[in-house]
$ cat work-v9.txt   # compact mmCIF, C-alpha atoms
# COMPACT_ATOMS: atom_id res chain seq x y z
CA MET O 669 0.00 0.00 0.00
CA PHE O 670 2.97 2.28 0.64
CA ALA O 671 4.09 1.43 -2.87
CA ALA O 672 0.75 2.71 -4.24
CA ALA O 673 1.20 6.04 -2.45
CA ALA O 674 4.80 6.19 -3.71
CA ILE O 675 3.65 5.61 -7.29
CA GLY O 676 1.04 8.37 -6.91
CA LEU O 677 3.75 10.73 -5.68
CA LEU O 678 6.03 9.76 -8.58
CA VAL O 679 3.26 10.49 -11.10
CA ALA O 680 2.70 13.90 -9.47
CA LEU O 681 6.48 14.53 -9.58
CA GLY O 682 6.48 13.69 -13.29
CA LEU O 683 3.64 16.18 -13.95
CA CYS O 684 5.54 18.87 -12.04
CA LEU O 685 8.64 18.13 -14.13
CA VAL O 686 6.61 18.65 -17.31
CA ARG O 687 5.60 22.09 -16.00
CA ILE O 688 9.24 22.88 -15.17
CA ILE O 689 10.32 21.96 -18.69
CA LYS O 690 7.46 23.83 -20.37
CA GLY O 691 7.88 27.01 -18.35
CA PRO O 692 7.03 29.52 -19.80
CA SER O 693 8.17 32.05 -17.16
CA VAL O 694 10.69 31.75 -14.32
CA PHE O 695 7.86 31.95 -11.80
CA ASP O 696 6.06 28.94 -13.25
CA ARG O 697 9.28 27.00 -12.83
CA VAL O 698 9.74 28.22 -9.25
CA ILE O 699 6.15 27.22 -8.37
CA ALA O 700 6.63 23.76 -9.89
CA GLY O 701 10.07 23.45 -8.25
CA ASN O 702 8.55 24.26 -4.87
CA SER O 703 5.95 21.54 -5.41
CA VAL O 704 8.71 19.10 -6.41
CA GLY O 705 10.38 19.89 -3.07
CA THR O 706 7.18 19.21 -1.09
CA LEU O 707 6.54 15.99 -3.02
CA SER O 708 10.13 14.83 -2.43
CA VAL O 709 9.67 15.29 1.31
CA LEU O 710 6.59 13.07 1.14
CA LEU O 711 8.35 10.55 -1.12
CA LEU O 712 11.30 10.33 1.32
CA ALA O 713 8.90 9.70 4.21
CA VAL O 714 6.92 7.05 2.29
CA MET O 715 10.07 5.34 0.95
CA GLY O 716 11.27 4.93 4.52
CA TYR O 717 8.23 2.75 5.13
CA VAL O 718 8.54 0.90 1.80
CA PHE O 719 12.08 -0.17 2.78
CA GLY O 720 11.10 -0.69 6.43
CA ARG O 721 13.50 2.01 7.63
CA PRO O 722 11.47 4.87 9.16
CA GLU O 723 14.73 6.70 9.97
CA PHE O 724 14.38 8.27 6.52
CA ILE O 725 12.11 10.84 8.23
CA ASP O 726 15.21 12.67 9.45
CA LEU O 727 16.19 13.25 5.83
CA ALA O 728 12.65 14.46 5.11
CA ILE O 729 12.86 17.03 7.92
CA THR O 730 16.13 18.37 6.54
CA TYR O 731 14.71 18.53 3.06
CA ALA O 732 11.57 20.35 4.25
CA LEU O 733 13.79 22.98 5.87
CA LEU O 734 15.98 23.37 2.78
CA ASN O 735 13.02 23.54 0.39
CA VAL O 736 11.54 26.82 1.61
CA ILE O 737 14.95 28.45 1.96
CA GLY O 738 15.80 27.39 -1.59
CA THR O 739 12.57 28.85 -2.99
CA VAL O 740 12.98 32.18 -1.21
CA ALA O 741 16.67 32.33 -2.24
CA VAL O 742 15.83 31.78 -5.92
CA LEU O 743 13.10 34.46 -5.78
CA LYS O 744 15.45 36.94 -4.10
CA PHE O 745 18.07 36.24 -6.73
CA PHE O 746 15.65 36.89 -9.57
CA ARG O 747 14.36 40.10 -8.01
CA TYR O 748 17.67 41.67 -7.11
CA GLY O 749 20.35 39.61 -8.84
CA ASP O 750 21.89 39.21 -5.39
CA LEU O 751 21.25 36.94 -2.41
CA GLY O 752 22.53 39.17 0.38
CA ARG O 753 20.73 42.45 -0.11
CA ASP O 754 17.67 43.61 1.80
CA GLU O 755 14.63 45.19 0.25
CA GLU O 756 15.28 48.42 2.16
CA GLU O 757 18.80 48.71 0.74
CA VAL O 758 17.52 48.21 -2.79
CA GLY O 759 14.82 50.82 -2.26
CA GLN O 760 17.30 53.53 -1.34
CA MET G 1263 12.60 35.73 30.95
CA GLY G 1264 9.56 33.49 30.62
CA HIS G 1265 9.88 33.56 26.86
CA VAL G 1266 13.58 32.67 27.03
CA LEU G 1267 12.81 29.72 29.29
CA SER G 1268 10.01 28.43 27.08
CA THR G 1269 12.25 28.83 24.00
CA ALA G 1270 14.87 26.67 25.72
CA ILE G 1271 12.26 24.04 26.65
CA VAL G 1272 10.85 23.89 23.10
CA LEU G 1273 14.38 23.56 21.70
CA LEU G 1274 15.18 20.78 24.17
CA VAL G 1275 12.01 18.87 23.20
CA PHE G 1276 13.01 19.27 19.53
CA TRP G 1277 16.51 17.94 20.31
CA LEU G 1278 15.17 14.95 22.23
CA THR G 1279 12.66 14.12 19.47
CA LEU G 1280 15.27 14.17 16.74
CA SER G 1281 18.01 12.42 18.74
CA GLY G 1282 16.04 9.42 20.00
CA ARG G 1283 19.00 8.34 22.18
CA TYR G 1284 18.91 9.24 25.85
CA GLU G 1285 22.48 8.69 27.04
CA GLN G 1286 23.70 10.98 29.77
CA PHE G 1287 26.23 12.77 27.54
CA LEU G 1288 23.78 13.49 24.70
CA VAL G 1289 21.01 14.77 26.99
CA THR G 1290 23.46 17.01 28.86
CA ALA G 1291 24.77 18.36 25.56
CA GLY G 1292 21.16 18.99 24.50
CA ILE G 1293 20.36 20.93 27.67
CA ILE G 1294 23.50 23.07 27.33
CA CYS G 1295 22.86 23.74 23.63
CA SER G 1296 19.21 24.71 24.09
CA ILE G 1297 19.99 27.12 26.94
CA PHE G 1298 22.86 28.64 24.94
CA ILE G 1299 20.71 29.08 21.81
CA ALA G 1300 17.81 30.54 23.84
CA LEU G 1301 20.21 33.10 25.35
CA LEU G 1302 21.59 33.91 21.89
CA ALA G 1303 18.02 34.34 20.62
CA ALA G 1304 17.26 36.67 23.54
CA ARG G 1305 20.35 38.73 22.64
CA MET G 1306 19.08 38.98 19.05
CA ASN G 1307 15.62 40.03 20.35
CA LEU G 1308 14.10 36.87 18.86
CA ALA G 1309 12.87 35.20 22.05
CA ASP G 1310 10.16 37.75 22.82
CA LYS G 1311 6.41 38.06 22.36
CA GLU G 1312 6.78 38.26 18.60
CA GLY G 1313 9.50 35.71 17.88
CA HIS G 1314 8.19 33.06 20.23
CA PRO G 1315 4.44 33.69 20.75
CA ILE G 1316 3.88 30.98 23.35
CA HIS G 1317 1.19 33.11 25.05
CA LEU G 1318 -1.06 32.46 22.03
CA ALA G 1319 -0.86 28.67 22.44
CA ILE G 1320 -4.28 28.32 24.07
CA SER G 1321 -6.15 30.44 21.54
CA ALA G 1322 -4.28 28.60 18.77
CA LEU G 1323 -5.92 25.39 20.00
CA ALA G 1324 -9.30 26.98 19.25
CA TYR G 1325 -8.26 28.60 15.96
CA TRP G 1326 -6.30 25.80 14.25
CA PRO G 1327 -9.07 23.14 14.10
CA TRP G 1328 -11.37 25.71 12.45
CA LEU G 1329 -8.59 26.62 10.02
CA VAL G 1330 -7.93 22.95 9.18
CA TRP G 1331 -11.64 22.47 8.46
CA GLN G 1332 -11.66 25.53 6.16
CA ILE G 1333 -8.53 24.23 4.39
CA ILE G 1334 -10.13 20.82 3.77
CA LEU G 1335 -13.33 22.38 2.39
CA SER G 1336 -11.59 24.80 0.04
CA ALA G 1337 -8.95 22.27 -1.07
CA ILE G 1338 -11.72 19.89 -2.15
CA ASN G 1339 -13.37 22.84 -3.91
CA VAL G 1340 -10.17 23.67 -5.83
CA ALA G 1341 -9.61 19.98 -6.64
CA LYS G 1342 -13.12 19.87 -8.15
CA ILE G 1343 -12.27 22.89 -10.33
CA ILE G 1344 -9.07 21.19 -11.53
CA ILE G 1345 -10.81 17.92 -12.39
CA ASN G 1346 -13.72 19.66 -14.14
CA PRO G 1347 -13.00 19.48 -17.92
CA ALA G 1348 -14.39 23.00 -18.41
CA LEU G 1349 -11.91 24.43 -15.83
CA PRO G 1350 -14.41 26.95 -14.33
CA VAL G 1351 -11.97 29.53 -12.94
CA SER G 1352 -12.82 33.21 -12.57
CA PRO G 1353 -9.64 34.75 -11.11
CA THR G 1354 -10.32 37.81 -8.99
CA MET G 1355 -8.06 40.31 -7.25
CA THR G 1356 -9.55 41.85 -4.17
CA ARG G 1357 -8.60 43.94 -1.17
CA VAL G 1358 -9.50 42.90 2.36
CA LYS G 1359 -9.08 44.80 5.60
CA MET G 1360 -6.95 43.55 8.50
CA SER G 1361 -8.55 44.44 11.83
CA GLN G 1362 -5.79 42.79 13.91
CA LYS G 1363 -3.46 44.98 15.92
CA THR G 1364 -0.33 42.92 16.60
CA ASP G 1365 2.06 41.74 13.89
CA VAL G 1366 1.77 38.11 14.99
CA ALA G 1367 -2.00 38.07 14.40
CA ARG G 1368 -1.57 39.85 11.05
CA VAL G 1369 0.97 37.28 9.90
CA THR G 1370 -1.38 34.56 11.08
CA TYR G 1371 -4.21 36.07 9.05
CA ALA G 1372 -2.12 36.51 5.88
CA ASN G 1373 -0.66 33.00 6.23
CA SER G 1374 -4.12 31.52 6.80
CA ILE G 1375 -5.32 33.19 3.60
CA THR G 1376 -2.38 31.75 1.66
CA LEU G 1377 -2.58 28.31 3.25
CA THR G 1378 -6.25 28.01 2.28
CA PRO G 1379 -6.27 26.81 -1.34
CA GLY G 1380 -8.19 29.20 -3.59
CA THR G 1381 -6.92 32.41 -2.00
CA ILE G 1382 -3.38 33.83 -1.87
CA SER G 1383 -2.28 36.99 -0.11
CA VAL G 1384 -0.21 38.79 -2.72
CA ASP G 1385 0.79 42.05 -1.07
CA ILE G 1386 0.17 44.32 1.91
CA GLU G 1387 -0.72 47.98 1.52
CA GLY G 1388 -1.13 49.72 4.86
CA ASP G 1389 -3.95 47.93 6.68
CA ASP G 1390 -5.16 46.04 3.62
CA ILE G 1391 -4.13 42.72 2.10
CA ILE G 1392 -4.29 42.32 -1.69
CA VAL G 1393 -5.68 38.85 -2.31
CA HIS G 1394 -5.79 36.76 -5.48
CA ALA G 1395 -8.72 34.33 -5.49
CA ILE G 1396 -9.26 31.55 -7.99
CA THR G 1397 -13.01 32.11 -8.25
CA ARG G 1398 -15.25 35.10 -7.62
CA GLU G 1399 -17.05 33.18 -4.85
CA ASN G 1400 -13.79 32.65 -2.94
CA ALA G 1401 -13.07 36.39 -3.08
CA ILE G 1402 -16.55 37.32 -1.86
CA ASP G 1403 -16.37 34.73 0.95
CA LEU G 1404 -13.13 36.29 2.15
CA GLU G 1405 -14.56 39.81 1.94
CA GLY G 1406 -17.31 38.61 4.29
CA GLY G 1407 -14.58 38.72 6.96
CA SER G 1408 -15.29 35.61 9.05
CA MET G 1409 -11.58 34.62 8.94
CA ASP G 1410 -10.61 38.20 9.84
CA ARG G 1411 -12.87 38.11 12.90
CA ARG G 1412 -11.52 34.69 13.94
CA CYS G 1413 -7.95 36.02 13.74
CA ALA G 1414 -8.85 39.11 15.76
CA LYS G 1415 -10.39 36.81 18.38
CA PHE G 1416 -7.26 34.60 18.24
CA GLU G 1417 -5.18 37.64 19.14
CA GLY G 1418 -7.66 39.13 21.60
CA SER G 1419 -8.15 36.19 23.97
CA VAL G 1420 -4.63 36.54 25.38
CA MET P 1358 -12.39 -6.93 13.19
CA SER P 1359 -9.27 -6.38 15.20
CA LEU P 1360 -7.97 -2.94 16.04
CA ASP P 1361 -4.91 -3.45 13.83
CA LEU P 1362 -7.07 -4.08 10.79
CA ILE P 1363 -9.13 -0.93 11.42
CA LEU P 1364 -5.96 1.14 11.80
CA ASP P 1365 -4.56 -0.37 8.60
CA ILE P 1366 -7.74 0.50 6.68
CA VAL P 1367 -7.71 4.06 8.04
CA SER P 1368 -4.07 4.60 7.11
CA TRP P 1369 -4.55 3.06 3.65
CA ALA P 1370 -7.48 5.36 2.99
CA LEU P 1371 -5.44 8.36 4.15
CA LEU P 1372 -2.40 7.39 2.05
CA LEU P 1373 -4.49 6.80 -1.08
CA SER P 1374 -6.45 10.04 -0.74
CA GLY P 1375 -3.19 11.93 -0.14
CA GLY P 1376 -1.66 10.43 -3.28
CA PHE P 1377 -4.83 11.26 -5.21
CA PHE P 1378 -4.77 14.93 -4.14
CA CYS P 1379 -1.05 15.15 -5.00
CA ILE P 1380 -1.81 13.98 -8.54
CA VAL P 1381 -4.77 16.38 -8.76
CA GLY P 1382 -2.61 19.29 -7.62
CA ALA P 1383 0.14 18.44 -10.11
CA LEU P 1384 -2.51 18.12 -12.84
CA GLY P 1385 -3.72 21.58 -11.85
CA LEU P 1386 -0.16 22.89 -12.27
CA LEU P 1387 -0.35 21.70 -15.87
CA ARG P 1388 -3.92 22.77 -16.66
CA MET P 1389 -4.22 26.23 -15.07
CA PRO P 1390 -4.00 29.17 -17.49
CA ASP P 1391 -1.57 31.55 -15.71
CA SER P 1392 1.04 31.68 -12.95
CA PHE P 1393 -1.29 32.94 -10.19
CA THR P 1394 -3.85 30.21 -10.73
CA ARG P 1395 -1.02 27.65 -10.81
CA LEU P 1396 -0.10 28.77 -7.29
CA HIS P 1397 -3.59 27.74 -6.15
CA ALA P 1398 -3.08 24.29 -7.64
CA ALA P 1399 0.30 24.00 -5.90
CA SER P 1400 -1.30 24.86 -2.56
CA VAL P 1401 -3.61 21.84 -2.93
CA ILE P 1402 -0.45 19.67 -2.83
CA ASP P 1403 0.87 21.57 0.19
CA THR P 1404 -2.32 21.06 2.21
CA LEU P 1405 -4.48 18.07 1.27
CA GLY P 1406 -1.55 16.20 -0.31
CA VAL P 1407 0.80 16.50 2.65
CA GLY P 1408 -1.72 16.18 5.49
CA PRO P 1409 -3.33 12.81 4.71
CA ILE P 1410 -0.06 11.10 3.69
CA ILE P 1411 1.77 12.18 6.86
CA LEU P 1412 -1.28 11.28 9.00
CA GLY P 1413 -1.48 7.88 7.29
CA LEU P 1414 2.19 7.20 8.07
CA MET P 1415 1.59 8.37 11.66
CA VAL P 1416 -1.24 5.86 12.06
CA GLN P 1417 1.05 3.12 10.72
CA SER P 1418 3.89 3.84 13.14
CA GLY P 1419 1.76 4.14 16.29
CA TRP P 1420 3.00 5.83 19.48
CA THR P 1421 6.69 5.95 18.63
CA LEU P 1422 9.33 8.61 18.17
CA THR P 1423 8.80 8.35 14.42
CA THR P 1424 5.27 9.72 14.88
CA ALA P 1425 6.68 12.76 16.66
CA ARG P 1426 9.16 13.28 13.81
CA LEU P 1427 6.37 13.02 11.25
CA GLY P 1428 4.49 15.61 13.28
CA ILE P 1429 7.52 17.92 13.01
CA VAL P 1430 7.52 17.47 9.21
CA LEU P 1431 3.78 18.26 9.10
CA ILE P 1432 4.07 21.42 11.23
CA LEU P 1433 7.17 22.52 9.30
CA ILE P 1434 5.43 22.24 5.92
CA PHE P 1435 2.24 23.93 7.20
CA PHE P 1436 4.26 26.88 8.51
CA THR P 1437 6.66 27.27 5.60
CA SER P 1438 4.52 26.61 2.52
CA PRO P 1439 2.43 29.82 2.86
CA VAL P 1440 5.67 31.76 3.24
CA ALA P 1441 7.00 30.35 -0.04
CA GLY P 1442 3.62 30.86 -1.75
CA HIS P 1443 3.36 34.47 -0.61
CA ALA P 1444 6.99 35.11 -1.62
CA ILE P 1445 6.28 33.85 -5.14
CA ALA P 1446 3.03 35.85 -5.46
CA ARG P 1447 4.66 39.04 -4.16
CA ALA P 1448 7.67 38.63 -6.46
CA MET P 1449 5.30 38.22 -9.41
CA ARG P 1450 3.38 41.37 -8.49
CA HIS P 1451 6.56 43.40 -8.07
CA ARG P 1452 7.95 42.13 -11.38
CA ASP P 1453 4.68 43.28 -13.02
CA VAL P 1454 3.47 39.83 -14.02
CA LYS P 1455 -0.14 40.55 -15.02
CA PRO P 1456 -2.61 37.91 -13.87
CA ILE P 1457 -5.49 36.92 -16.13
CA LEU P 1458 -8.44 38.40 -14.24
CA SER P 1459 -12.14 38.10 -14.80
CA GLU P 1460 -12.75 40.79 -12.20
CA ASP P 1461 -10.53 43.28 -10.35
CA ARG P 1462 -12.04 44.36 -7.03
CA THR P 1463 -8.93 46.00 -5.55
CA GLY P 1464 -10.37 49.45 -6.21
CA GLU P 1465 -12.76 49.56 -3.26
CA ARG P 1466 -12.17 48.51 0.33
CA HIS P 1467 -14.16 45.55 1.59
$ encode --input "work-v9.txt" --output "structure tokens"
Amino acid sequence: MFAAAAIGLLVALGLCLVRIIKGPSVFDRVIAGNSVGTLSVLLLAVMGYVFGRPEFIDLAITYALLNVIGTVAVLKFFRYGDLGRDEEEVGQ
Amino acid sequence: MGHVLSTAIVLLVFWLTLSGRYEQFLVTAGIICSIFIALLAARMNLADKEGHPIHLAISALAYWPWLVWQIILSAINVAKIIINPALPVSPTMTRVKMSQKTDVARVTYANSITLTPGTISVDIEGDDIIVHAITRENAIDLEGGSMDRRCAKFEGSV
Amino acid sequence: MSLDLILDIVSWALLLSGGFFCIVGALGLLRMPDSFTRLHAASVIDTLGVGPIILGLMVQSGWTLTTARLGIVLILIFFTSPVAGHAIARAMRHRDVKPILSEDRTGERH
């Protein structure tokens, strides 16, 4: 039954990949990439049960933390061409 | 001080949950680390009413189940729109008022709007949130302000 | 009907419905006409996709430390996904990405 959920997640991942390839804008790709991150967290958790090793959850936690930081970092980069700057600094 | 202490306790619980091994050395290291990080957070003004809103925990217990129910209803609604071959979307931009006073409650309101499928808070202008809704009905529901009142209550019952 | 069987059925139903909503959300990503509406489809994955699957795994693992860790994943995703969604929407507005709108009600205050 875990395998069925894993297959469902893989199908969803494939659909997200199609959206990433098709684009058309950067933002569509970021949205789809964010969904790929969320789905990977779920896939990691489910795979832990498929292989009978629930310790995989630790990896899922790390990935969930990295996912949101990655999305915000990419957005900041595309808005300012720089990861370090604040909005206030740019506004001045 | 209370907020620093509760930050340390939450961090320690997090450590113990992730570690899963309760040898003397590891637990001692966990206690030292959580106290040290809580003090660092206090120095950075993070362990205060805004950064660690533990005083809202009780009203959160009343607010979150309602929010989860709203999320389930609207997620099923959006799923129906996606499955429908005609794709009956009527995207609407609207402007809703925030009647909350503290920043924590405002963030809660904006995050609740975004977390509920069908509505996304796009921007904040003064006391208003600009919201993108997938259908006209979603926008009008939000303008009705029941979520706004719930958030104000969530903040007010401190 | 033993308790184990009931728990298994509950967790299977949760896992299957979670997988179903993940596929529906991803399908929405493909079908929706513009970037803003695609965000709505993505938030279906973040809520009804994540919730049931994590809850189903929680039911399977019972009262163990793994359940607590799954709870951390669930809370983490529920707190961070609106942040990412809002960041994307705000970036699109500030980069002047025009949404396809059937009605613009931002003029008056509601």
$ atom_distance --input "work-v9.txt" --atom1 "atom CA of Leu1431 of chain P" --atom2 "atom CA of Val1289 of chain G"
25.1 Å
$ atom_distance --input "work-v9.txt" --atom1 "atom CA of Val1340 of chain G" --atom2 "atom CA of Ala700 of chain O"
17.3 Å
$ residues_around --input "work-v9.txt" --residues "segment 1266-1283 of chain G" --least-positions-apart "5" --cutoff "10 Å" --atoms "all atoms listed in the file" --output "PyMOL selection string"
(chain O and resi 725-726+729) or (chain G and resi 1288-1289+1291-1304+1308-1310+1313-1316) or (chain P and resi 1422-1426+1429)
$ closest_residue --input "work-v9.txt" --among "P:Gly1442, P:Gly1382, P:Gly1428, P:Pro1390" --to "Ile1345 of chain G" --atoms "only C-alpha atoms"
P:Gly1382
$ atom_distance --input "work-v9.txt" --atom1 "atom CA of Arg747 of chain O" --atom2 "atom CA of Ser693 of chain O"
13.7 Å
$ closest_atom_pairs --input "work-v9.txt" --of "chain O" --to "chain P" --cutoff "7 Å" --atoms "only C-alpha atoms" --output "tab-separated table"
residue	atom	partner	partner_atom	distance
O:Met669	CA	P:Trp1369	CA	6.6
O:Ala673	CA	P:Gly1376	CA	5.3
O:Gly676	CA	P:Gly1376	CA	5.0
O:Leu677	CA	P:Gly1376	CA	5.9
O:Val679	CA	P:Ile1380	CA	6.7
O:Ala680	CA	P:Ile1380	CA	4.6
O:Leu683	CA	P:Ala1383	CA	5.7
O:Cys684	CA	P:Ala1383	CA	5.8
O:Arg687	CA	P:Leu1387	CA	6.0
O:Phe695	CA	P:Ser1392	CA	6.9
O:Asp696	CA	P:Ser1392	CA	5.7
O:Ile699	CA	P:Leu1396	CA	6.5
O:Ser703	CA	P:Ala1399	CA	6.2
O:Thr706	CA	P:Asp1403	CA	6.9
O:Leu710	CA	P:Val1407	CA	6.9
O:Pro722	CA	P:Thr1423	CA	6.8
O:Ile725	CA	P:Arg1426	CA	6.8
O:Ile729	CA	P:Val1430	CA	5.5
O:Ala732	CA	P:Ile1434	CA	6.6
O:Val736	CA	P:Ala1441	CA	6.0
O:Thr739	CA	P:Ala1441	CA	6.5
O:Val740	CA	P:Ala1441	CA	6.4
O:Leu743	CA	P:Ile1445	CA	6.9
$ residues_around --input "work-v9.txt" --residues "Cys1413 of chain G" --least-positions-apart "6" --cutoff "8 Å" --atoms "only C-alpha atoms" --output "PyMOL selection string"
chain G and resi 1325+1362+1367-1368+1370-1371
$ residues_near_point --input "work-v9.txt" --point "(-4.7, 41.2, 10.8)" --cutoff "10 Å" --atoms "all atoms listed in the file" --output "PyMOL selection string"
chain G and resi 1358-1372+1389-1391+1409-1414+1417
$ write_last_selection --input "work-v9.txt" --atoms "C-alpha atoms" --output "compact mmCIF listing (two decimals), in the frame of the given file"
# COMPACT_ATOMS: atom_id res chain seq x y z
CA VAL G 1358 -9.50 42.90 2.36
CA LYS G 1359 -9.08 44.80 5.60
CA MET G 1360 -6.95 43.55 8.50
CA SER G 1361 -8.55 44.44 11.83
CA GLN G 1362 -5.79 42.79 13.91
CA LYS G 1363 -3.46 44.98 15.92
CA THR G 1364 -0.33 42.92 16.60
CA ASP G 1365 2.06 41.74 13.89
CA VAL G 1366 1.77 38.11 14.99
CA ALA G 1367 -2.00 38.07 14.40
CA ARG G 1368 -1.57 39.85 11.05
CA VAL G 1369 0.97 37.28 9.90
CA THR G 1370 -1.38 34.56 11.08
CA TYR G 1371 -4.21 36.07 9.05
CA ALA G 1372 -2.12 36.51 5.88
CA ASP G 1389 -3.95 47.93 6.68
CA ASP G 1390 -5.16 46.04 3.62
CA ILE G 1391 -4.13 42.72 2.10
CA MET G 1409 -11.58 34.62 8.94
CA ASP G 1410 -10.61 38.20 9.84
CA ARG G 1411 -12.87 38.11 12.90
CA ARG G 1412 -11.52 34.69 13.94
CA CYS G 1413 -7.95 36.02 13.74
CA ALA G 1414 -8.85 39.11 15.76
CA GLU G 1417 -5.18 37.64 19.14
$ interface_residues --input "work-v9.txt" --of "chain G" --to "chain P" --cutoff "8 Å" --atoms "all atoms listed in the file" --output "PyMOL selection string"
chain G and resi 1279-1280+1282+1333-1334+1337+1340-1341+1344-1345+1349+1352-1359+1373-1374+1376-1385+1392+1394+1396+1398+1405
$ write_last_selection --input "work-v9.txt" --atoms "C-alpha atoms" --output "PDB file, keeping the file's coordinate frame"
ATOM      1  CA  THR G1279      12.660  14.120  19.470  1.00  0.00           C
ATOM      2  CA  LEU G1280      15.270  14.170  16.740  1.00  0.00           C
ATOM      3  CA  GLY G1282      16.040   9.420  20.000  1.00  0.00           C
ATOM      4  CA  ILE G1333      -8.530  24.230   4.390  1.00  0.00           C
ATOM      5  CA  ILE G1334     -10.130  20.820   3.770  1.00  0.00           C
ATOM      6  CA  ALA G1337      -8.950  22.270  -1.070  1.00  0.00           C
ATOM      7  CA  VAL G1340     -10.170  23.670  -5.830  1.00  0.00           C
ATOM      8  CA  ALA G1341      -9.610  19.980  -6.640  1.00  0.00           C
ATOM      9  CA  ILE G1344      -9.070  21.190 -11.530  1.00  0.00           C
ATOM     10  CA  ILE G1345     -10.810  17.920 -12.390  1.00  0.00           C
ATOM     11  CA  LEU G1349     -11.910  24.430 -15.830  1.00  0.00           C
ATOM     12  CA  SER G1352     -12.820  33.210 -12.570  1.00  0.00           C
ATOM     13  CA  PRO G1353      -9.640  34.750 -11.110  1.00  0.00           C
ATOM     14  CA  THR G1354     -10.320  37.810  -8.990  1.00  0.00           C
ATOM     15  CA  MET G1355      -8.060  40.310  -7.250  1.00  0.00           C
ATOM     16  CA  THR G1356      -9.550  41.850  -4.170  1.00  0.00           C
ATOM     17  CA  ARG G1357      -8.600  43.940  -1.170  1.00  0.00           C
ATOM     18  CA  VAL G1358      -9.500  42.900   2.360  1.00  0.00           C
ATOM     19  CA  LYS G1359      -9.080  44.800   5.600  1.00  0.00           C
ATOM     20  CA  ASN G1373      -0.660  33.000   6.230  1.00  0.00           C
ATOM     21  CA  SER G1374      -4.120  31.520   6.800  1.00  0.00           C
ATOM     22  CA  THR G1376      -2.380  31.750   1.660  1.00  0.00           C
ATOM     23  CA  LEU G1377      -2.580  28.310   3.250  1.00  0.00           C
ATOM     24  CA  THR G1378      -6.250  28.010   2.280  1.00  0.00           C
ATOM     25  CA  PRO G1379      -6.270  26.810  -1.340  1.00  0.00           C
ATOM     26  CA  GLY G1380      -8.190  29.200  -3.590  1.00  0.00           C
ATOM     27  CA  THR G1381      -6.920  32.410  -2.000  1.00  0.00           C
ATOM     28  CA  ILE G1382      -3.380  33.830  -1.870  1.00  0.00           C
ATOM     29  CA  SER G1383      -2.280  36.990  -0.110  1.00  0.00           C
ATOM     30  CA  VAL G1384      -0.210  38.790  -2.720  1.00  0.00           C
ATOM     31  CA  ASP G1385       0.790  42.050  -1.070  1.00  0.00           C
ATOM     32  CA  ILE G1392      -4.290  42.320  -1.690  1.00  0.00           C
ATOM     33  CA  HIS G1394      -5.790  36.760  -5.480  1.00  0.00           C
ATOM     34  CA  ILE G1396      -9.260  31.550  -7.990  1.00  0.00           C
ATOM     35  CA  ARG G1398     -15.250  35.100  -7.620  1.00  0.00           C
ATOM     36  CA  GLU G1405     -14.560  39.810   1.940  1.00  0.00           C
TER      37      GLU G1405
END
$ closest_residue --input "work-v9.txt" --among "O:Ala728, O:Leu685, O:Val704, O:Ala674" --to "chain G" --atoms "all atoms listed in the file"
O:Ala728
